[in-house]
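Text of the file run12.txt, holding compact mmCIF, C-alpha atoms:
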```
# COMPACT_ATOMS: atom_id res chain seq x y z
CA MET U 1 -7.63 -14.06 2.70
CA TRP U 2 -6.52 -10.57 1.66
CA LYS U 3 -9.17 -7.90 1.11
CA GLN U 4 -8.59 -5.61 -1.88
CA THR U 5 -9.36 -1.87 -1.64
CA LEU U 6 -8.69 1.12 -3.86
CA ILE U 7 -7.72 4.14 -1.73
CA GLU U 8 -8.24 7.62 -3.18
CA THR U 9 -5.74 10.28 -2.08
CA ASP U 10 -4.75 13.73 -3.25
CA ARG U 11 -1.64 12.07 -4.75
CA GLY U 12 -3.55 9.46 -6.77
CA ASN U 13 -5.34 6.17 -6.25
CA PHE U 14 -3.59 3.24 -4.62
CA GLU U 15 -4.54 -0.42 -4.59
CA ILE U 16 -4.04 -2.04 -1.21
CA PHE U 17 -4.65 -5.48 0.22
CA GLU U 18 -5.33 -5.87 3.93
CA ALA U 19 -5.53 -8.75 6.38
CA GLY U 20 -5.15 -9.40 10.08
CA ASN U 21 -5.97 -7.43 13.21
CA GLY U 22 -4.14 -5.19 15.60
CA GLU U 23 -1.76 -2.29 15.12
CA PRO U 24 -1.23 -1.28 11.47
CA LEU U 25 1.81 -2.50 9.54
CA CYS U 26 2.56 -1.38 5.99
CA VAL U 27 4.43 -3.61 3.59
CA THR U 28 5.43 -2.45 0.15
CA HIS U 29 8.08 -3.25 -2.38
CA LEU U 30 9.27 -0.79 -4.94
CA TYR U 31 7.37 -1.67 -8.08
CA SER U 32 6.51 -5.27 -7.41
CA GLU U 33 2.80 -6.01 -7.62
CA PHE U 34 0.70 -7.54 -4.84
CA ASN U 35 -2.60 -9.36 -5.39
CA GLU U 36 -5.29 -11.16 -3.38
CA ARG U 37 -2.90 -14.04 -2.66
CA GLY U 38 -0.91 -11.73 -0.40
CA TYR U 39 2.82 -11.96 0.05
CA TYR U 40 4.66 -14.75 1.86
CA PHE U 41 6.82 -12.29 3.83
CA ALA U 42 3.75 -10.38 5.08
CA ASP U 43 1.70 -13.49 5.87
CA MET U 44 3.68 -14.12 9.05
CA PHE U 45 2.57 -10.75 10.48
CA LYS U 46 -1.21 -11.21 9.99
CA ASP U 47 -1.65 -12.88 13.39
CA TYR U 48 -0.18 -9.86 15.18
CA PHE U 49 -0.92 -6.79 13.03
CA LYS U 50 -3.40 -5.39 10.54
CA VAL U 51 -1.18 -5.64 7.49
CA TYR U 52 -1.53 -3.34 4.50
CA LEU U 53 0.13 -4.42 1.26
CA VAL U 54 0.47 -1.30 -0.91
CA ASN U 55 0.80 -1.32 -4.66
CA LEU U 56 2.75 1.83 -5.40
CA LYS U 57 2.27 3.92 -8.54
CA GLU U 58 2.71 2.01 -11.80
CA THR U 59 1.81 -1.34 -10.17
CA GLY U 60 -1.48 -3.20 -9.95
CA ASN U 61 -4.50 -0.92 -10.18
CA SER U 62 -2.70 2.06 -8.63
CA SER U 63 -2.32 5.36 -10.47
CA ARG U 64 0.15 5.79 -13.28
CA VAL U 65 2.71 8.57 -13.29
CA SER U 66 2.98 11.50 -15.67
CA ASP U 67 6.64 12.11 -14.80
CA GLU U 68 9.40 9.70 -13.78
CA ASP U 69 10.20 11.89 -10.75
CA GLU U 70 7.00 10.57 -9.16
CA LEU U 71 8.80 7.23 -8.74
CA SER U 72 11.55 8.63 -6.51
CA MET U 73 11.95 7.54 -2.88
CA ASP U 74 10.92 11.00 -1.66
CA GLU U 75 7.72 10.92 -3.71
CA THR U 76 7.00 7.35 -2.61
CA THR U 77 7.29 8.46 1.01
CA ASN U 78 4.79 11.24 0.33
CA ASP U 79 2.46 8.71 -1.34
CA LEU U 80 2.62 6.40 1.69
CA GLU U 81 1.85 9.31 4.02
CA ALA U 82 -1.16 10.21 1.85
CA ILE U 83 -2.38 6.60 2.09
CA ARG U 84 -1.92 6.63 5.88
CA THR U 85 -3.98 9.82 6.11
CA ALA U 86 -6.72 8.42 3.84
CA LEU U 87 -6.91 5.31 6.04
CA GLU U 88 -7.22 7.61 9.08
CA LEU U 89 -4.24 5.99 10.78
CA GLU U 90 -2.48 8.08 13.41
CA GLN U 91 0.99 6.80 12.62
```
What's the structure tokens form of this structure?
Amino acid sequence: MWKQTLIETDRGNFEIFEAGNGEPLCVTHLYSEFNERGYYFADMFKDYFKVYLVNLKETGNSSRVSDEDELSMDETTNDLEAIRTALELEQ
């Protein structure tokens, strides 16, 4: 079962779903929405990693954007780094 959490960062709020144990592994998909059912691709990693499914901006219960530039790959990378920091993950 996937546990839902809303992570607050200085770049907005992000809905994540987590499952499994071990080293962290982030899975996201540009602007597809995850939910408590997980994601078939990520399910295979739950036995080996703590998997984080991240709903990026404009998906699920994550923050909305005020400018389309916030949806760029560069900005998405910055969002993922903010989420990593909020989760207190080293890398």
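Using all atoms listed in the file, the nearest neighbour of U:Glu36 within the list U:Ser62, U:Phe14, U:Ala19, U:Lys3 is U:Lys3.
Across the structure, atom CA of U:Tyr48 and atom CA of U:Gly22 are spaced 6.1 Å apart.
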Hey, could you make a per-residue contact list for stretch 12-60 of chain U against stretch 64-83 of chain U with 8 Å as the cut-off, showing the nearest pair of atoms and its distance in Å to one decimal, counting all atoms listed in the file, sorted by chain and number, as a tab-separated table?
```
residue	atom	partner	partner_atom	distance
U:Phe14	CA	U:Ile83	CA	7.6
U:Leu56	CA	U:Thr76	CA	7.5
U:Lys57	CA	U:Arg64	CA	5.5
U:Glu58	CA	U:Arg64	CA	4.8
U:Thr59	CA	U:Arg64	CA	8.0
```
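Between atom CA of U:Asn61 and atom CA of U:Leu6 the separation is 7.9 Å.
Minimum distance to U:Asp43 across U:Leu30, U:Ile7, U:Ile16, U:Met1 (counting all atoms listed in the file) occurs at U:Met1.
Reported to one decimal place, the separation of atom CA of U:Val27 from atom CA of U:Asn55 is 9.3 Å.
Proximity of U:Glu15, U:Thr9, U:Leu25, U:Leu89 to U:Met44, computed with only C-alpha atoms, is greatest for U:Leu25.
Between U:Gly60 and the residues U:Asn13, U:Phe41, U:Trp2, U:Glu18, the shortest atom-to-atom distance, using all atoms listed in the file, involves U:Asn13.
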For stretch 52-67 of chain U, what centre and edge lengths in Å (one decimal) does the axis-aligned box get once 5 Å is added on each side of all its listed atoms, as AutoDock Vina command-line options?
```
--center_x 1.1 --center_y 3.8 --center_z -5.6 --size_x 21.1 --size_y 26.5 --size_z 30.2
```
**Nearest residue to U:Tyr39 from the set U:Gly12, U:Cys26, U:Leu53, U:Ala86 (distances using all atoms listed in the file)** = U:Leu53
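Within 6 Å of the point (-3.6, -3.1, 13.2), and counting all atoms listed in the file, the protein, DNA and RNA residues are Asn21, Gly22, Glu23, Pro24, Phe49 and Lys50 of chain U.
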For stretch 43-58 of chain U, which lacks atoms in the input, supply N, CA and C atoms and format the output as a short mmCIF file (atom, residue, chain, number, x, y, z; two decimals), keeping the file's coordinate frame.
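Wrote it out as selection_38.cif, contents follow:
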```cif
data_model
loop_
_atom_site.label_atom_id
_atom_site.label_comp_id
_atom_site.auth_asym_id
_atom_site.auth_seq_id
_atom_site.Cartn_x
_atom_site.Cartn_y
_atom_site.Cartn_z
N ASP U 43 2.63 -12.53 5.27
CA ASP U 43 1.70 -13.49 5.87
C ASP U 43 2.03 -13.78 7.34
N MET U 44 3.30 -13.79 7.68
CA MET U 44 3.68 -14.12 9.05
C MET U 44 3.27 -13.04 10.05
N PHE U 45 2.94 -11.85 9.58
CA PHE U 45 2.57 -10.75 10.48
C PHE U 45 1.07 -10.64 10.70
N LYS U 46 0.25 -11.34 9.91
CA LYS U 46 -1.21 -11.21 9.99
C LYS U 46 -1.79 -11.59 11.35
N ASP U 47 -1.14 -12.46 12.08
CA ASP U 47 -1.65 -12.88 13.39
C ASP U 47 -1.41 -11.82 14.46
N TYR U 48 -0.58 -10.84 14.17
CA TYR U 48 -0.18 -9.86 15.18
C TYR U 48 -0.52 -8.41 14.82
N PHE U 49 -0.71 -8.14 13.53
CA PHE U 49 -0.92 -6.79 13.03
C PHE U 49 -2.02 -6.78 11.97
N LYS U 50 -2.59 -5.60 11.73
CA LYS U 50 -3.40 -5.39 10.54
C LYS U 50 -2.41 -4.97 9.46
N VAL U 51 -2.20 -5.84 8.50
CA VAL U 51 -1.18 -5.64 7.49
C VAL U 51 -1.79 -5.03 6.24
N TYR U 52 -1.14 -3.99 5.75
CA TYR U 52 -1.53 -3.34 4.50
C TYR U 52 -0.44 -3.58 3.47
N LEU U 53 -0.77 -4.28 2.39
CA LEU U 53 0.13 -4.42 1.26
C LEU U 53 -0.21 -3.30 0.29
N VAL U 54 0.74 -2.47 -0.07
CA VAL U 54 0.47 -1.30 -0.91
C VAL U 54 1.11 -1.48 -2.28
N ASN U 55 0.27 -1.41 -3.30
CA ASN U 55 0.80 -1.32 -4.66
C ASN U 55 1.08 0.15 -4.93
N LEU U 56 2.36 0.46 -5.11
CA LEU U 56 2.75 1.83 -5.40
C LEU U 56 2.36 2.21 -6.82
N LYS U 57 2.60 3.46 -7.19
CA LYS U 57 2.27 3.92 -8.54
C LYS U 57 2.95 3.03 -9.58
N GLU U 58 2.25 2.83 -10.67
CA GLU U 58 2.71 2.01 -11.80
C GLU U 58 2.62 0.51 -11.53
#
```
